[in-house]
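Q: I am sharing coords34.csv, which consists of CSV, C-alpha atoms:
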chain,number,residue,atom,x,y,z
A,273,MET,CA,-34.6,224.5,213.4
A,274,ARG,CA,-33.7,226.1,216.7
A,275,ARG,CA,-31.1,224.2,218.7
A,276,TRP,CA,-31.3,224.0,222.4
A,277,CYS,CA,-28.3,224.0,224.8
A,278,PHE,CA,-28.4,222.5,228.3
A,279,LEU,CA,-26.0,222.7,231.2
A,280,PHE,CA,-27.0,219.4,232.8
A,281,ILE,CA,-24.2,216.9,233.5
A,282,CYS,CA,-24.9,213.6,231.8
A,283,ILE,CA,-24.9,210.8,234.3
A,284,ILE,CA,-26.2,207.4,233.2
A,285,LEU,CA,-26.6,204.7,235.9
A,286,PRO,CA,-26.8,201.1,234.7
A,287,PHE,CA,-28.4,199.9,237.9
A,288,THR,CA,-31.2,197.6,238.7
A,289,VAL,CA,-33.7,198.4,241.5
A,290,SER,CA,-35.1,195.4,243.3
A,291,ALA,CA,-36.2,196.9,246.6
A,292,GLN,CA,-39.9,197.5,247.3
A,293,ALA,CA,-41.4,200.1,249.6
A,294,VAL,CA,-44.6,200.7,251.5
A,295,ILE,CA,-46.8,203.8,251.5
A,296,ASN,CA,-48.9,204.4,254.6
A,297,GLY,CA,-51.2,207.3,255.3
A,298,LYS,CA,-54.5,208.6,256.6
A,299,VAL,CA,-57.2,210.5,254.7
A,300,VAL,CA,-59.3,213.0,256.6
A,301,SER,CA,-62.0,215.6,255.7
A,302,SER,CA,-60.7,219.2,255.8
A,303,ALA,CA,-64.2,220.2,257.1
A,304,SER,CA,-64.3,217.9,260.2
A,305,ASN,CA,-60.7,216.4,260.4
A,306,ASN,CA,-62.5,213.0,260.7
A,307,GLY,CA,-61.2,210.0,258.8
A,308,VAL,CA,-62.8,209.4,255.4
A,309,PRO,CA,-63.7,205.7,255.0
A,310,LYS,CA,-63.9,203.7,251.7
A,311,ALA,CA,-62.0,206.3,249.7
A,312,SER,CA,-60.1,204.9,246.7
A,313,VAL,CA,-56.3,205.3,247.1
A,314,PHE,CA,-54.2,204.2,244.2
A,315,LEU,CA,-51.0,204.9,242.2
A,316,ASN,CA,-52.0,206.3,238.8
A,317,ASN,CA,-51.3,203.9,235.9
A,318,ALA,CA,-50.1,201.1,238.2
A,319,THR,CA,-51.4,198.0,239.9
A,320,PHE,CA,-51.3,199.4,243.4
A,321,GLY,CA,-54.7,200.4,244.9
A,322,THR,CA,-56.8,200.1,248.0
A,323,ALA,CA,-59.6,201.6,250.0
A,324,THR,CA,-59.3,203.5,253.3
A,325,GLU,CA,-60.4,201.8,256.5
A,326,ASP,CA,-63.2,203.2,258.6
A,327,ASP,CA,-60.8,205.6,260.3
A,328,GLY,CA,-59.3,206.8,257.0
A,329,THR,CA,-56.0,204.9,257.2
A,330,PHE,CA,-54.5,203.0,254.3
A,331,SER,CA,-51.4,201.1,253.2
A,332,LEU,CA,-49.9,200.3,249.8
A,333,ARG,CA,-47.3,197.6,250.1
A,334,GLY,CA,-44.6,196.2,247.7
A,335,VAL,CA,-44.4,199.3,245.6
A,336,LYS,CA,-41.6,199.3,243.0
A,337,PRO,CA,-39.3,202.4,243.2
A,338,GLY,CA,-40.1,205.3,240.9
A,339,GLN,CA,-42.2,208.4,240.7
A,340,TYR,CA,-45.9,208.1,240.9
A,341,ASP,CA,-49.1,210.2,241.1
A,342,LEU,CA,-50.9,209.1,244.2
A,343,ILE,CA,-54.7,209.6,243.7
A,344,VAL,CA,-57.4,209.7,246.3
A,345,SER,CA,-61.0,209.8,245.0
A,346,THR,CA,-64.3,209.4,246.7
A,347,ILE,CA,-67.9,210.8,246.2
A,348,GLY,CA,-68.5,214.2,247.7
A,349,TYR,CA,-64.9,215.4,247.7
A,350,GLU,CA,-62.5,217.0,245.3
A,351,GLU,CA,-60.0,214.5,243.8
A,352,TYR,CA,-56.6,214.6,245.6
A,353,THR,CA,-53.3,214.1,243.8
A,354,GLN,CA,-49.7,214.1,245.0
A,355,LYS,CA,-46.5,213.1,243.4
A,356,VAL,CA,-44.5,210.6,245.4
A,357,LEU,CA,-41.0,209.5,244.7
A,358,VAL,CA,-40.7,205.9,246.0
A,359,GLY,CA,-37.4,204.6,247.1
A,360,ALA,CA,-36.5,201.8,249.5
A,361,GLY,CA,-37.8,203.4,252.7
A,362,PRO,CA,-41.4,203.7,253.9
A,363,ILE,CA,-43.5,206.8,253.0
A,364,ASN,CA,-46.0,208.3,255.5
A,365,LEU,CA,-48.7,210.7,254.3
A,366,ASN,CA,-51.4,212.8,255.9
A,367,ILE,CA,-54.0,213.7,253.3
A,368,SER,CA,-56.8,216.2,253.7
A,369,LEU,CA,-59.8,216.1,251.3
A,370,THR,CA,-61.8,219.2,250.4
A,371,PRO,CA,-65.6,218.8,250.1
A,372,LYS,CA,-66.8,219.1,246.5
A,373,VAL,CA,-69.0,222.0,245.5
A,374,MET,CA,-71.6,220.3,243.2
A,375,MET,CA,-72.0,222.0,239.8
A,376,MET,CA,-74.4,221.2,237.0
A,377,ARG,CA,-72.8,219.8,233.9
A,378,GLU,CA,-73.9,221.1,230.5
A,379,VAL,CA,-76.5,218.8,229.1
A,380,ILE,CA,-75.9,217.5,225.6
A,381,ILE,CA,-78.9,215.8,224.0
A,382,THR,CA,-78.2,213.2,221.3
A,383,SER,CA,-80.2,210.4,219.8
A,384,ASN,CA,-79.4,206.8,220.7
A,385,ALA,CA,-78.2,206.2,217.2
A,386,ASP,CA,-75.8,209.2,217.4
A,387,TRP,CA,-74.5,208.0,220.8
A,388,LYS,CA,-73.8,204.5,219.4
A,389,LYS,CA,-72.0,205.9,216.4
A,390,ASN,CA,-69.9,208.2,218.7
A,391,PHE,CA,-69.2,205.2,221.0
A,392,GLU,CA,-67.8,203.1,218.1
A,393,LEU,CA,-65.5,206.1,217.1
A,394,PHE,CA,-64.4,206.4,220.8
A,395,LYS,CA,-63.6,202.6,221.0
A,396,LYS,CA,-61.5,202.8,217.8
A,397,ASP,CA,-59.5,205.8,218.9
A,398,PHE,CA,-59.2,205.1,222.6
A,399,ILE,CA,-59.0,201.3,222.8
A,400,GLY,CA,-57.6,200.6,219.3
A,401,THR,CA,-58.2,198.2,216.5
A,402,THR,CA,-55.5,195.7,217.2
A,403,GLU,CA,-56.0,192.0,217.9
A,404,ASN,CA,-55.8,192.8,221.6
A,405,ALA,CA,-58.6,195.4,221.2
A,406,LYS,CA,-60.9,192.7,219.9
A,407,LEU,CA,-60.6,191.0,223.4
A,408,CYS,CA,-61.5,194.2,225.3
A,409,LYS,CA,-64.9,195.0,226.6
A,410,ILE,CA,-66.2,198.1,228.4
A,411,GLU,CA,-68.5,197.1,231.2
A,412,ASN,CA,-70.2,200.4,231.8
A,413,PRO,CA,-70.2,202.4,228.5
A,414,ARG,CA,-73.2,204.5,229.4
A,415,ILE,CA,-71.3,206.6,231.9
A,416,LEU,CA,-69.4,208.2,229.0
A,417,ASN,CA,-70.2,211.7,228.1
A,418,LEU,CA,-69.8,211.8,224.3
A,419,ALA,CA,-70.1,214.8,221.9
A,420,TYR,CA,-69.1,214.9,218.2
A,421,THR,CA,-68.8,218.3,216.4
A,422,ARG,CA,-69.3,217.7,212.6
A,423,LYS,CA,-67.8,221.1,211.6
A,424,THR,CA,-64.5,220.5,213.3
A,425,GLN,CA,-64.7,216.7,213.1
A,426,ILE,CA,-63.7,216.4,216.7
A,427,LEU,CA,-65.0,213.7,219.1
A,428,GLU,CA,-64.9,214.6,222.8
A,429,ALA,CA,-65.4,212.3,225.8
A,430,SER,CA,-65.2,212.3,229.6
A,431,THR,CA,-66.5,210.4,232.6
A,432,ASP,CA,-67.5,211.4,236.2
A,433,GLU,CA,-66.7,207.9,237.5
A,434,PHE,CA,-64.4,205.0,236.5
A,435,LEU,CA,-64.8,203.6,233.1
A,436,VAL,CA,-64.2,199.9,233.6
A,437,MET,CA,-62.8,197.7,230.8
A,438,GLU,CA,-61.9,194.0,230.9
A,439,ASN,CA,-58.8,193.4,228.8
A,440,ASN,CA,-58.9,189.7,228.2
A,441,ALA,CA,-55.9,189.9,225.9
A,442,LEU,CA,-53.5,191.1,228.7
A,443,GLY,CA,-55.4,189.9,231.7
A,444,TYR,CA,-56.2,193.2,233.4
A,445,ARG,CA,-59.4,194.9,234.6
A,446,VAL,CA,-58.6,198.6,233.8
A,447,LYS,CA,-60.4,201.3,235.6
A,448,PHE,CA,-60.1,204.7,233.9
A,449,LEU,CA,-61.3,208.0,235.2
A,450,LEU,CA,-61.3,209.9,231.9
A,451,LYS,CA,-60.9,213.6,232.6
A,452,GLU,CA,-60.8,214.6,229.0
A,453,PHE,CA,-60.5,213.0,225.6
A,454,SER,CA,-60.5,214.5,222.0
A,455,SER,CA,-60.0,212.8,218.7
A,456,ASN,CA,-59.5,215.1,215.6
A,457,ASP,CA,-60.3,213.4,212.3
A,458,ILE,CA,-58.6,216.3,210.4
A,459,THR,CA,-55.3,216.4,212.1
A,460,ARG,CA,-55.4,212.7,213.0
A,461,THR,CA,-54.4,213.4,216.5
A,462,ILE,CA,-55.7,211.9,219.8
A,463,ASN,CA,-55.3,213.6,223.2
A,464,TYR,CA,-56.5,212.3,226.5
A,465,ALA,CA,-55.8,212.7,230.2
A,466,GLY,CA,-57.1,210.9,233.3
A,467,ARG,CA,-56.4,208.4,236.1
A,468,VAL,CA,-56.1,204.7,235.6
A,469,LEU,CA,-55.8,201.7,237.9
A,470,PHE,CA,-54.9,198.1,236.8
A,471,GLU,CA,-56.3,195.0,238.5
A,472,GLU,CA,-55.3,191.5,237.8
A,473,LEU,CA,-58.0,189.3,236.3
A,474,PRO,CA,-58.5,185.9,237.8
A,475,GLY,CA,-57.5,183.0,235.6
A,476,THR,CA,-56.0,179.5,235.4
A,477,GLU,CA,-52.3,179.0,235.3
A,478,ALA,CA,-52.5,178.3,231.6
A,479,GLN,CA,-54.4,181.5,231.0
A,480,LYS,CA,-51.9,183.5,233.1
A,481,LYS,CA,-49.0,182.2,231.0
A,482,LYS,CA,-50.8,183.3,227.9
A,483,TRP,CA,-51.4,186.8,229.4
A,484,LYS,CA,-47.7,187.0,230.3
A,485,ILE,CA,-46.7,186.3,226.8
A,486,LYS,CA,-49.1,188.9,225.4
A,487,ARG,CA,-47.9,191.5,228.0
A,488,ASP,CA,-44.3,190.9,227.0
A,489,GLU,CA,-45.2,191.4,223.4
A,490,ALA,CA,-46.9,194.7,224.2
A,491,TYR,CA,-43.9,195.8,226.4
A,492,TYR,CA,-40.9,195.0,224.1
A,493,GLY,CA,-40.4,197.8,221.6
A,494,SER,CA,-42.8,200.2,223.4
A,495,SER,CA,-42.0,203.7,224.5
A,496,ARG,CA,-41.7,202.5,228.1
A,497,HIS,CA,-39.1,199.9,227.1
A,498,PHE,CA,-37.2,202.6,225.2
A,499,TYR,CA,-37.1,205.0,228.1
A,500,ARG,CA,-36.0,202.3,230.5
A,501,SER,CA,-33.3,201.2,228.1
A,502,LEU,CA,-32.2,204.8,227.6
A,503,TYR,CA,-31.4,205.6,231.2
A,504,LYS,CA,-29.8,202.2,231.8
A,505,ASN,CA,-27.5,202.9,228.8
A,506,ARG,CA,-28.7,199.6,227.2
A,507,LEU,CA,-30.1,200.8,223.9
A,508,ALA,CA,-28.1,198.5,221.7
A,509,GLN,CA,-28.5,195.5,224.0
A,510,GLU,CA,-32.3,196.0,224.0
A,511,GLY,CA,-32.6,196.4,220.3
A,512,PHE,CA,-33.0,200.2,219.9
A,513,VAL,CA,-31.1,202.4,217.4
A,514,ILE,CA,-31.7,206.2,217.5
A,515,TYR,CA,-30.8,208.9,215.0
A,516,ASP,CA,-31.0,212.7,214.7
A,517,PHE,CA,-33.8,213.3,212.1
A,518,ASN,CA,-34.3,216.4,210.0
A,519,ARG,CA,-37.3,217.1,207.8
A,520,ALA,CA,-39.4,220.0,206.5
A,521,ILE,CA,-43.1,220.4,205.6
A,522,ASP,CA,-43.7,220.2,201.9
A,523,PRO,CA,-44.6,223.8,200.8
A,524,HIS,CA,-46.5,222.4,197.8
A,525,ARG,CA,-49.0,220.6,200.0
A,526,GLN,CA,-51.9,222.5,201.3
A,527,PRO,CA,-52.6,222.5,205.1
A,528,GLU,CA,-54.2,219.2,206.3
A,529,ALA,CA,-57.2,221.0,207.8
A,530,LEU,CA,-57.9,222.7,204.5
A,531,ILE,CA,-57.5,219.5,202.5
A,532,GLN,CA,-60.0,217.6,204.6
A,533,ARG,CA,-62.5,220.5,204.6
A,534,LYS,CA,-62.3,220.7,200.8
A,535,ILE,CA,-62.7,217.0,200.3
A,536,LYS,CA,-65.8,217.0,202.3
A,537,GLN,CA,-67.1,220.1,200.5
A,538,PHE,CA,-66.6,218.8,196.9
A,539,ARG,CA,-67.1,215.1,197.5
A,540,ALA,CA,-70.6,215.0,195.8
A,541,VAL,CA,-70.4,218.2,193.8
A,542,ASN,CA,-67.4,218.8,191.6
A,543,ARG,CA,-65.4,215.9,190.4
A,544,ASP,CA,-62.4,217.9,189.1
A,545,SER,CA,-62.1,219.8,192.4
A,546,ILE,CA,-62.4,216.6,194.5
A,547,ASN,CA,-59.6,215.0,192.3
A,548,TYR,CA,-57.3,217.9,193.0
A,549,TRP,CA,-57.8,217.7,196.8
A,550,LEU,CA,-57.5,213.9,196.8
A,551,GLN,CA,-54.2,214.4,195.1
A,552,GLN,CA,-53.2,216.9,197.7
A,553,GLU,CA,-54.1,214.4,200.4
A,554,SER,CA,-52.0,211.7,198.8
A,555,MET,CA,-48.9,213.9,198.7
A,556,PRO,CA,-46.3,213.3,201.4
A,557,LYS,CA,-46.5,215.8,204.3
A,558,TRP,CA,-42.8,216.1,204.6
A,559,TYR,CA,-39.8,216.5,202.3
A,560,LYS,CA,-36.0,216.9,202.6
A,561,GLU,CA,-36.0,214.1,205.2
A,562,ARG,CA,-32.6,213.0,206.3
A,563,LEU,CA,-31.2,210.8,209.1
A,564,THR,CA,-27.8,211.9,210.5
A,565,LYS,CA,-25.4,209.1,210.8
A,566,PRO,CA,-23.8,207.5,212.7
A,567,ALA,CA,-26.5,206.6,215.2
A,568,LEU,CA,-26.7,208.5,218.4
A,569,THR,CA,-25.9,207.1,221.9
A,570,ALA,CA,-27.7,207.5,225.2
A,571,TYR,CA,-25.0,210.0,226.2
A,572,ASP,CA,-26.0,212.3,223.2
A,573,VAL,CA,-29.6,212.7,224.3
A,574,LEU,CA,-29.8,212.0,228.0
A,575,ARG,CA,-29.4,214.5,230.8
A,576,LYS,CA,-29.7,214.0,234.6
A,577,PRO,CA,-31.7,216.6,236.4
A,578,PRO,CA,-31.0,217.4,240.1
A,579,GLN,CA,-33.9,215.3,241.4
A,580,ASP,CA,-33.1,211.6,242.0
A,581,GLY,CA,-35.1,209.1,240.0
A,582,LEU,CA,-35.8,211.4,237.1
A,583,PHE,CA,-34.1,211.8,233.7
A,584,VAL,CA,-34.2,214.2,230.8
A,585,LEU,CA,-34.4,213.4,227.1
A,586,THR,CA,-33.5,216.2,224.7
A,587,PHE,CA,-32.5,216.6,221.1
A,588,PRO,CA,-32.4,219.5,218.6
A,589,ASN,CA,-34.6,218.3,215.7
A,590,TYR,CA,-36.6,215.0,215.7
A,591,LEU,CA,-35.6,211.7,217.2
A,592,TYR,CA,-35.9,208.6,214.9
A,593,VAL,CA,-36.2,205.4,217.0
A,594,VAL,CA,-35.8,202.0,215.4
A,595,TYR,CA,-36.6,198.8,217.2
A,596,THR,CA,-34.7,196.0,215.5
A,597,LYS,CA,-36.3,193.0,217.1
A,598,LYS,CA,-39.7,193.4,215.5
A,599,TYR,CA,-41.0,194.1,212.0
A,600,GLU,CA,-43.7,196.7,211.3
A,601,THR,CA,-47.0,195.3,210.1
A,602,GLU,CA,-48.7,198.6,209.2
A,603,ASP,CA,-47.9,201.1,206.4
A,604,PHE,CA,-47.5,204.6,207.8
A,605,LYS,CA,-47.8,206.9,204.8
A,606,ASP,CA,-46.0,209.9,206.3
A,607,LEU,CA,-43.2,207.9,208.0
A,608,TYR,CA,-39.8,208.2,206.3
A,609,ARG,CA,-37.9,205.0,205.7
A,610,PRO,CA,-34.4,204.9,204.2
A,611,LEU,CA,-34.2,202.5,201.2
A,612,ASP,CA,-31.4,200.6,202.9
A,613,MET,CA,-33.2,200.0,206.2
A,614,GLU,CA,-35.2,196.9,207.0
A,615,ASN,CA,-38.9,197.3,207.8
A,616,PHE,CA,-38.3,197.4,211.6
A,617,GLU,CA,-40.7,199.0,214.0
A,618,THR,CA,-40.0,202.7,213.8
A,619,SER,CA,-41.2,205.8,215.7
A,620,VAL,CA,-40.5,209.5,215.5
A,621,ILE,CA,-40.5,211.7,218.6
A,622,THR,CA,-41.5,215.3,218.3
A,623,LEU,CA,-40.9,217.6,221.3
A,624,PHE,CA,-43.4,220.3,222.2
A,625,ASN,CA,-41.0,221.6,224.8
A,626,PRO,CA,-37.2,221.5,224.8
A,627,ILE,CA,-37.1,218.4,227.1
A,628,VAL,CA,-39.0,215.3,228.1
A,629,VAL,CA,-38.8,214.3,231.7
A,630,PHE,CA,-39.3,210.6,232.6
A,631,ASP,CA,-38.8,208.4,235.6
A,632,MET,CA,-37.2,205.0,236.3
A,633,ASN,CA,-40.4,203.2,235.3
A,634,GLY,CA,-40.1,204.7,231.8
A,635,SER,CA,-43.1,207.0,232.3
A,636,VAL,CA,-43.1,210.6,231.0
A,637,VAL,CA,-44.0,212.7,234.0
A,638,ALA,CA,-44.7,216.1,232.3
A,639,ASP,CA,-45.3,217.5,228.8
A,640,SER,CA,-45.7,214.3,226.7
A,641,PRO,CA,-44.1,214.5,223.2
A,642,LEU,CA,-45.8,213.5,220.0
A,643,TYR,CA,-45.3,210.0,218.7
A,644,GLU,CA,-45.6,209.0,215.1
A,645,GLY,CA,-45.2,205.5,213.6
A,646,THR,CA,-45.3,202.4,215.7
A,647,TRP,CA,-45.8,204.1,219.0
A,648,SER,CA,-48.9,206.0,217.7
A,649,LYS,CA,-50.7,202.6,217.6
A,650,ALA,CA,-50.4,202.2,221.4
A,651,LYS,CA,-54.0,202.6,222.7
A,652,LEU,CA,-55.6,201.3,225.9
A,653,ALA,CA,-55.8,197.7,224.6
A,654,ASN,CA,-52.0,197.6,224.7
A,655,LEU,CA,-51.4,199.7,227.8
A,656,LEU,CA,-49.4,198.1,230.6
A,657,PRO,CA,-49.1,199.4,234.2
A,658,VAL,CA,-46.0,201.4,234.9
A,659,ASP,CA,-44.7,198.8,237.4
A,660,TYR,CA,-44.8,196.0,234.9
A,661,GLU,CA,-41.6,194.0,234.7
A,662,PRO,CA,-41.2,191.8,231.5
A,663,SER,CA,-39.6,188.4,231.2
A,664,GLU,CA,-35.9,188.7,230.5
A,665,LEU,CA,-35.9,185.9,228.0
A,666,MET,CA,-37.9,187.8,225.4
A,667,ALA,CA,-35.3,190.6,225.3
A,668,HIS,CA,-32.7,188.3,223.7
Can you give me the file's structure in the form of structure tokens?
A:
Amino acid sequence: MRRWCFLFICIILPFTVSAQAVINGKVVSSASNNGVPKASVFLNNATFGTATEDDGTFSLRGVKPGQYDLIVSTIGYEEYTQKVLVGAGPINLNISLTPKVMMMREVIITSNADWKKNFELFKKDFIGTTENAKLCKIENPRILNLAYTRKTQILEASTDEFLVMENNALGYRVKFLLKEFSSNDITRTINYAGRVLFEELPGTEAQKKKWKIKRDEAYYGSSRHFYRSLYKNRLAQEGFVIYDFNRAIDPHRQPEALIQRKIKQFRAVNRDSINYWLQQESMPKWYKERLTKPALTAYDVLRKPPQDGLFVLTFPNYLYVVYTKKYETEDFKDLYRPLDMENFETSVITLFNPIVVFDMNGSVVADSPLYEGTWSKAKLANLLPVDYEPSELMAH
């Protein structure tokens, strides 16, 4: 596998940021230069959101330092997005919205039975099937645009307005503007993109304590916990062990798309043929799998780019991430486990580009990698806002 060489100087800063900032601004129409009232202004994937005043002004206070996507959305205008790097000082923004040119969406006609079936598939792949998912309810499901293509076995979804979900497991009202979503049954991959705002649900003190416990459970061992531990150089203290991981695709196994297509083709026709393809499906996808020991350190994989508040993760092959403070409860058929390793939660990171860029909140800001294993289970039901801070006690 090709190895990548970088000239960044590795600087790891074990600091803690406690300062909070304010973002002030005004939203106007580019057509009239008048203030736009009642526009939604929020930090994507966080708990900070508001609506503009009658004159278009707004203020977001108490924002935790880090890089965010600031979103402005309102009917009749194109969505506005801007990256903001929040430090200790105030930020002042002047935002101009462009009137939207209304276009007709392609109409897809499905029966009510088909829509319900597609919706159940969407819930499984987008919200998840965990215990937390059982306590989640979508309040406005009919705004979803759903389409399933049987030939490719791909489910696609999108929304023109916020999809609202009450997560009674974690205590959030989640508003998700789903730009695109696709779930591929053949490759078993899920991709989605959109904007999300978290709002605290009202509850008793006892309920809030339960939510806090569940939030901490969702946070510890997550990819966000890992990225935060990485840049603070606290992998070992936080329970993470990382290895360089090598593997190759088994040449005796047919491509996954072909296997699934043949299984579907022969399922009710030819028993001998279906047995062959079922055997192919049960074969491991990978072979010659090997962890390189000793374990890597943060200095081996972390680089510091010129922009403050951002960090770069890079490695030559695959990165094998073990979280030693939780045991895995699910059996991942294609996930390699050494015989001498306990059944800890384990994830494999695959890069689509030479680097992953992430911020101090532990959020990937561009070109997300592929996660296998434990992190692949992280659906909307377990999603936390980027500004979430866990209880320190659970880390030890």
Q: Would you list the contacts of Glu471 (chain A) as number ranges by chain, taking every protein, DNA or RNA residue within 10 Å and counting only C-alpha atoms, but skipping same-chain residues closer than 6 positions in sequence?
A: A: 318-321, 438, 443-447, 657
Q: Just the selected residues (C-alpha atoms), exported as a short mmCIF file (atom, residue, chain, number, x, y, z; two decimals), in the frame of the given file, please.
A:
data_model
loop_
_atom_site.label_atom_id
_atom_site.label_comp_id
_atom_site.auth_asym_id
_atom_site.auth_seq_id
_atom_site.Cartn_x
_atom_site.Cartn_y
_atom_site.Cartn_z
CA ALA A 318 -50.10 201.10 238.20
CA THR A 319 -51.40 198.00 239.90
CA PHE A 320 -51.30 199.40 243.40
CA GLY A 321 -54.70 200.40 244.90
CA GLU A 438 -61.90 194.00 230.90
CA GLY A 443 -55.40 189.90 231.70
CA TYR A 444 -56.20 193.20 233.40
CA ARG A 445 -59.40 194.90 234.60
CA VAL A 446 -58.60 198.60 233.80
CA LYS A 447 -60.40 201.30 235.60
CA PRO A 657 -49.10 199.40 234.20
#
Q: State, in Å with one decimal place, the distance from CA of Lys557 (chain A) to CA of Asp522 (chain A).
A: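 About the pair CA of Lys557 (chain A) and CA of Asp522 (chain A): they are 5.7 Å apart.
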Q: Taking all atoms listed in the file into account, name the residue in A:Pro626, A:Gly511, A:Gly466, A:Pro413 that is nearest to Lys451 (chain A).
A: A:Gly466
Q: At what distance in Å, to one decimal, does CA of Ile363 (chain A) lie from CA of Pro309 (chain A)?
A: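 These two atoms are separated by 20.3 Å.
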Q: Work out how far CA of Arg460 (chain A) is from CA of Arg533 (chain A), in Å to one decimal.
A: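 Distance between the two atoms: 13.5 Å.
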Q: Report as JSON lines: every residue of region 488-507 of chain A with an atom at most 9 Å from region 575-586 of chain A, its closest pair of atoms, and their distance in Å to one decimal, counting all atoms listed in the file, with rows sorted by chain and ascending residue number.
A:
{"residue": "A:Tyr499", "atom": "CA", "partner": "A:Leu585", "partner_atom": "CA", "distance": 8.9}
{"residue": "A:Leu502", "atom": "CA", "partner": "A:Leu585", "partner_atom": "CA", "distance": 8.9}
{"residue": "A:Tyr503", "atom": "CA", "partner": "A:Phe583", "partner_atom": "CA", "distance": 7.2}
Q: Would you pick out the contacts of Lys389 (chain A) at 12 Å or less, using all atoms listed in the file, so that residues sharing its chain but fewer than 5 positions from it are not included, and give the list as a count of residues only?
A: 10
Q: Using all atoms listed in the file, which of the listed residues (A:Leu369, A:Phe398, A:Lys480, A:Tyr492) sits closest to Tyr464 (chain A)?
A: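 Closest to Tyr464 (chain A) of all the choices is A:Phe398.
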Q: With all atoms listed in the file counted, which protein, DNA or RNA residues have an atom no more than 8 Å from (-38.0, 203.8, 217.6) in the file frame? Please answer as a list in words.
A: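 Those within range, by chain then number, are Gly493, Ser495, Phe498, Phe512, Val513, Ile514, Tyr592, Val593, Val594, Tyr595, Glu617, Thr618, Ser619, Val620, Thr646 and Trp647 of chain A.
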Q: May I ask which of the residues A:Thr564, A:Asn633, A:Gln526, A:Ser648 is the closest one to Leu550 (chain A), counting only C-alpha atoms?
A: A:Gln526
Q: Quick one: of A:Ile295, A:Leu469, A:Ile426, A:Leu623, who's nearest to Phe314 (chain A), counting all atoms listed in the file?
A: A:Leu469
Q: Every residue with an atom at most 10 Å from (-58.0, 221.9, 252.0) (file coordinates; only C-alpha atoms) is what I'm after, so could you write them as an NGL selection string?
A: :A and (301-303 or 350 or 352 or 367-371)
Q: Ranking A:Pro662, A:Pro641, A:Gln354, A:Val300 by minimum distance to Ile485 (chain A) and counting all atoms listed in the file, which one comes first?
A: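 Closest candidate: A:Pro662.
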Q: Could you tell me which of A:Ile546, A:Leu365, A:Leu530, A:Leu652 comes closest to Leu435 (chain A) if we count only C-alpha atoms?
A: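 Looking only at the distances to Leu435 (chain A), the closest residue turns out to be A:Leu652.
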